[in-house]
>>> print(open('structure_1.cif').read())   # mmCIF, C-alpha atoms
data_start
#
loop_
_atom_site.label_atom_id
_atom_site.label_comp_id
_atom_site.auth_asym_id
_atom_site.auth_seq_id
_atom_site.Cartn_x
_atom_site.Cartn_y
_atom_site.Cartn_z
CA MET A 212 -4.37 33.93 -5.72
CA THR A 213 -4.94 30.44 -7.12
CA HIS A 214 -2.38 27.77 -6.16
CA TYR A 215 -1.95 24.20 -7.34
CA VAL A 216 0.45 21.80 -5.65
CA GLY A 217 2.09 18.62 -6.87
CA LEU A 218 3.66 16.12 -4.47
CA ASP A 219 6.12 13.50 -5.70
CA VAL A 220 6.12 11.07 -2.78
CA SER A 221 8.68 8.44 -1.85
CA VAL A 222 9.02 6.58 1.43
CA LYS A 223 11.60 9.00 2.87
CA SER A 224 11.01 12.28 1.08
CA VAL A 225 8.50 14.39 -0.82
CA SER A 226 9.28 16.82 -3.62
CA ILE A 227 6.77 19.67 -3.68
CA CYS A 228 6.00 22.16 -6.42
CA VAL A 229 3.53 25.05 -6.25
CA VAL A 230 2.24 26.66 -9.46
CA ASP A 231 -0.23 29.46 -10.10
CA ALA A 232 -3.22 29.48 -12.47
CA ALA A 233 -0.98 30.48 -15.40
CA GLY A 234 1.41 27.58 -14.72
CA SER A 235 4.30 29.64 -13.35
CA VAL A 236 6.31 27.90 -10.66
CA LEU A 237 5.97 29.78 -7.38
CA ALA A 238 7.89 27.43 -5.08
CA ARG A 239 9.80 24.16 -5.06
CA GLY A 240 11.16 22.16 -2.19
CA ASP A 241 11.73 18.84 -0.50
CA THR A 242 10.60 17.61 2.90
CA THR A 243 10.39 14.30 4.66
CA SER A 244 7.24 12.23 4.21
CA ASP A 245 5.91 13.66 7.47
CA PRO A 246 2.42 15.16 6.92
CA ASP A 247 3.18 18.02 9.33
CA GLU A 248 6.27 19.07 7.35
CA ILE A 249 4.35 18.83 4.08
CA THR A 250 1.54 20.93 5.56
CA ALA A 251 4.03 23.52 6.85
CA PHE A 252 5.69 23.86 3.42
CA ILE A 253 2.33 24.24 1.69
CA ALA A 254 1.08 26.74 4.29
CA LYS A 255 4.19 28.85 3.75
CA HIS A 256 4.12 28.85 -0.07
CA ALA A 257 0.43 28.29 -0.91
CA PRO A 258 -1.74 29.34 2.06
CA ALA A 259 -5.03 28.34 0.41
CA PRO A 260 -4.29 25.83 -2.36
CA ASP A 261 -7.12 25.00 -4.76
CA ARG A 262 -5.90 21.46 -5.38
CA ILE A 263 -3.04 19.24 -4.25
CA VAL A 264 -2.31 16.02 -6.11
CA HIS A 265 -0.05 13.06 -5.54
CA GLU A 266 0.21 9.71 -7.27
CA SER A 267 -1.13 6.44 -5.92
CA GLY A 268 1.60 4.41 -4.26
CA ILE A 269 2.72 2.73 -1.07
CA LEU A 270 2.04 5.76 1.17
CA ALA A 271 -0.92 7.13 -0.80
CA ILE A 272 -3.76 5.99 1.45
CA TRP A 273 -2.08 7.09 4.67
CA LEU A 274 -0.83 10.39 3.26
CA THR A 275 -4.21 11.28 1.75
CA ARG A 276 -5.97 10.67 5.06
CA GLU A 277 -3.38 12.60 7.06
CA LEU A 278 -3.44 15.64 4.77
CA GLU A 279 -7.26 15.60 4.69
CA LYS A 280 -7.23 15.66 8.52
CA ARG A 281 -5.12 18.83 8.27
CA GLY A 282 -7.74 20.45 6.03
CA LEU A 283 -5.85 20.27 2.73
CA PRO A 284 -7.65 19.65 -0.59
CA ILE A 285 -5.64 16.53 -1.42
CA THR A 286 -6.41 14.26 -4.37
CA CYS A 287 -4.76 10.93 -5.04
CA ILE A 288 -4.43 10.32 -8.78
CA ASP A 289 -3.82 7.18 -10.81
CA ALA A 290 -0.06 6.66 -11.02
CA ARG A 291 -0.18 4.75 -14.32
CA LEU A 292 -2.02 7.56 -16.08
CA ALA A 293 0.11 10.23 -14.42
CA HIS A 294 3.24 8.36 -15.53
CA LYS A 295 2.05 8.53 -19.13
CA ALA A 296 1.54 12.29 -18.83
CA LEU A 297 4.89 12.83 -17.09
CA SER A 298 7.00 10.49 -19.22
CA GLY A 299 7.20 13.01 -22.05
CA ARG A 300 8.85 15.62 -19.87
CA ILE A 301 12.52 16.39 -20.48
CA ASN A 302 13.38 16.82 -16.78
CA LYS A 303 12.65 13.35 -15.34
CA SER A 304 13.48 13.82 -11.66
CA ASP A 305 11.54 14.06 -8.41
CA PRO A 306 11.34 17.90 -8.55
CA GLY A 307 10.41 17.66 -12.24
CA ASP A 308 7.71 15.11 -11.49
CA ALA A 309 6.37 17.31 -8.68
CA GLU A 310 6.11 20.18 -11.17
CA GLY A 311 4.38 17.92 -13.69
CA LEU A 312 1.92 16.82 -11.02
CA ALA A 313 1.26 20.47 -10.11
CA HIS A 314 0.42 21.14 -13.76
CA LEU A 315 -1.90 18.12 -13.79
CA ALA A 316 -3.59 19.57 -10.69
CA ARG A 317 -3.93 22.90 -12.50
CA THR A 318 -5.38 21.45 -15.70
CA GLY A 319 -7.47 18.69 -14.11
CA TRP A 320 -6.10 16.09 -16.55
CA PHE A 321 -6.03 13.16 -14.17
CA SER A 322 -8.10 10.27 -12.87
CA GLN A 323 -8.81 10.37 -9.17
CA VAL A 324 -8.22 7.21 -7.14
CA HIS A 325 -10.81 6.31 -4.54
CA ILE A 326 -9.38 6.11 -1.02
CA ARG A 327 -11.32 3.71 1.18
CA SER A 328 -12.36 4.73 4.67
CA GLU A 329 -10.13 3.74 7.56
CA ALA A 330 -12.82 1.37 8.88
CA SER A 331 -13.16 -0.45 5.54
CA GLU A 332 -9.36 -0.61 5.25
CA ARG A 333 -9.19 -2.29 8.68
CA VAL A 334 -11.76 -4.89 7.60
CA ARG A 335 -9.84 -5.43 4.36
CA VAL A 336 -6.61 -5.99 6.32
CA LEU A 337 -8.29 -8.52 8.61
CA ILE A 338 -9.81 -10.43 5.69
CA GLY A 339 -6.49 -10.41 3.82
CA THR A 340 -4.62 -11.59 6.89
CA ARG A 341 -7.10 -14.40 7.46
CA GLU A 342 -6.83 -15.52 3.82
CA ARG A 343 -3.03 -15.48 4.04
CA LEU A 344 -3.02 -17.54 7.25
CA ILE A 345 -5.37 -20.12 5.73
CA ARG A 346 -3.14 -20.34 2.62
CA LEU A 347 -0.04 -20.77 4.84
CA ARG A 348 -1.76 -23.49 6.89
CA LYS A 349 -2.79 -25.36 3.75
CA ASP A 350 0.72 -25.05 2.29
CA LEU A 351 2.23 -26.34 5.52
CA GLU A 352 -0.19 -29.27 5.68
CA GLY A 353 0.60 -30.13 2.05
CA HIS A 354 4.32 -29.98 2.78
CA VAL A 355 3.93 -32.25 5.82
CA ARG A 356 1.89 -34.75 3.77
CA GLY A 357 4.59 -34.74 1.07
CA VAL A 358 7.41 -35.25 3.57
CA LEU A 359 5.60 -38.13 5.26
CA LYS A 360 5.09 -39.93 1.94
CA VAL A 361 8.88 -40.24 1.67
CA PHE A 362 8.67 -42.39 4.80
CA GLY A 363 5.73 -44.40 3.43
CA ILE A 364 3.15 -42.66 5.59
CA CYS A 365 0.05 -41.53 3.74
CA MET A 366 -2.26 -39.43 5.84
CA GLY A 367 -5.97 -39.97 5.33
CA ALA A 368 -8.43 -37.37 4.13
CA VAL A 369 -9.54 -34.79 6.63
CA GLY A 370 -13.29 -34.10 6.71
CA GLN A 371 -14.90 -30.78 7.49
CA ALA A 372 -16.17 -31.61 11.00
CA GLY A 373 -12.91 -32.17 12.84
CA MET A 374 -10.44 -31.25 10.16
CA ARG A 375 -7.70 -29.54 12.21
CA GLN A 376 -7.79 -32.03 15.07
CA ARG A 377 -7.83 -35.04 12.69
CA PHE A 378 -4.75 -33.70 10.90
CA ARG A 379 -2.93 -33.17 14.21
CA ASP A 380 -3.90 -36.67 15.40
CA GLN A 381 -2.58 -38.28 12.21
CA LEU A 382 0.63 -36.25 12.46
CA ALA A 383 1.12 -37.31 16.10
CA GLU A 384 0.60 -40.96 15.15
CA ALA A 385 3.18 -40.62 12.40
CA GLY A 386 5.57 -38.98 14.88
CA GLU A 387 5.47 -42.07 17.07
CA THR A 388 7.08 -44.14 14.29
CA ASP A 389 10.24 -42.08 13.69
CA LEU A 390 12.30 -39.57 15.68
CA ALA A 391 12.76 -37.19 12.69
CA ILE A 392 9.01 -37.19 12.05
CA SER A 393 8.41 -36.59 15.77
CA VAL A 394 10.67 -33.51 15.70
CA MET A 395 8.88 -32.22 12.60
CA ALA A 396 5.47 -32.87 14.19
CA ASP A 397 6.46 -30.93 17.30
#
>>> encode(input="structure_1.cif", output="structure tokens")
Amino acid sequence: MTHYVGLDVSVKSVSICVVDAAGSVLARGDTTSDPDEITAFIAKHAPAPDRIVHESGILAIWLTRELEKRGLPITCIDARLAHKALSGRINKSDPGDAEGLAHLARTGWFSQVHIRSEASERVRVLIGTRERLIRLRKDLEGHVRGVLKVFGICMGAVGQAGMRQRFRDQLAEAGETDLAISVMAD
């Protein structure tokens, strides 16, 4: 028998709906967002599903990977396009959305979202973290420069060669002139 599954995922729970090839609802239920519980529900109600879909969202990458590891034919679909398809439904609830997603899985009317590999996601996280830290450092340096101008201290330009050390040296020099500046510099 052909089974299609829709998962409406939130951080704490997942609404699941299983439909057959004709679109009849075979099973509905809710579980936690634990991949093992989701897998158990699907195994009980749709032992060999043809397609499982869920919308892109905060848990999408992790959930897709975890369900793939468990051998399920999971597809992450574009949430914006799925929302357009589901917004016309009368029953706008998590179970209703899960049913709508199951019907999208059945009909194939969706756009699949590419899920990056775990290795590329790790590199992306490192690059993003580095960019954020650089932005924070620059914001902090700009704030310090602005605060010091109130006291009549204008820090000189920092060149590329010794930029971090030159900034720290200028800040230490400014700290020697005033106790409040010294506390800020520390």
>>> residues_around(input="structure_1.cif", residues="range 331-339 of chain A", least_positions_apart="4", cutoff="12 Å", atoms="all atoms listed in the file", output="mmCIF file with C-alpha atoms, in the frame of the given file")
data_model
loop_
_atom_site.group_PDB
_atom_site.id
_atom_site.type_symbol
_atom_site.label_atom_id
_atom_site.label_comp_id
_atom_site.auth_asym_id
_atom_site.auth_seq_id
_atom_site.Cartn_x
_atom_site.Cartn_y
_atom_site.Cartn_z
ATOM 1 C CA ILE A 272 -3.760 5.990 1.450
ATOM 2 C CA TRP A 273 -2.080 7.090 4.670
ATOM 3 C CA ARG A 276 -5.970 10.670 5.060
ATOM 4 C CA ILE A 326 -9.380 6.110 -1.020
ATOM 5 C CA ARG A 327 -11.320 3.710 1.180
ATOM 6 C CA ARG A 343 -3.030 -15.480 4.040
ATOM 7 C CA LEU A 344 -3.020 -17.540 7.250
ATOM 8 C CA ILE A 345 -5.370 -20.120 5.730
ATOM 9 C CA ARG A 346 -3.140 -20.340 2.620
#
>>> residues_around(input="structure_1.cif", residues="Pro260 in chain A", least_positions_apart="6", cutoff="8 Å", atoms="all atoms listed in the file", output="list in words")
Thr213, His214, Tyr215, Val216, Ile253, Leu283 and Pro284 of chain A
>>> residues_around(input="structure_1.cif", residues="Gln323 in chain A", least_positions_apart="5", cutoff="7 Å", atoms="all atoms listed in the file", output="PyMOL selection string")
chain A and resi 286-289
>>> residues_around(input="structure_1.cif", residues="Lys255 in chain A", least_positions_apart="2", cutoff="12 Å", atoms="all atoms listed in the file", output="list in words")
His214, Val229, Leu237, Ala238, Arg239, Gly240, Glu248, Ile249, Thr250, Ala251, Phe252, Ile253, Ala257, Pro258, Ala259 and Pro260 of chain A
>>> residues_around(input="structure_1.cif", residues="range 357-370 of chain A", least_positions_apart="6", cutoff="10 Å", atoms="only C-alpha atoms", output="PyMOL selection string")
chain A and resi 351+376-378+381-382+384-386+388-389+392+395
>>> resolve_selection(input="structure_1.cif", expression="the PyMOL selection byres ((chain A and resi 320) around 12)", output="ChimeraX atom specification")
/A:264,288-289,292-293,295-297,311-319,321-323
>>> resolve_selection(input="structure_1.cif", expression="the PyMOL selection byres ((chain A and resi 225) around 9)", output="PyMOL selection string")
chain A and resi 218-224+226-227+240-245+249+305-306+309
>>> atom_distance(input="structure_1.cif", atom1="CA of Ala290 in chain A", atom2="CA of Gly268 in chain A")
7.3 Å
>>> closest_residue(input="structure_1.cif", among="A:Ala391, A:Ile301, A:Ile285, A:Leu347", to="His325 in chain A", atoms="only C-alpha atoms")
A:Ile285
>>> atom_distance(input="structure_1.cif", atom1="CA of Ser267 in chain A", atom2="CA of Asp308 in chain A")
13.6 Å
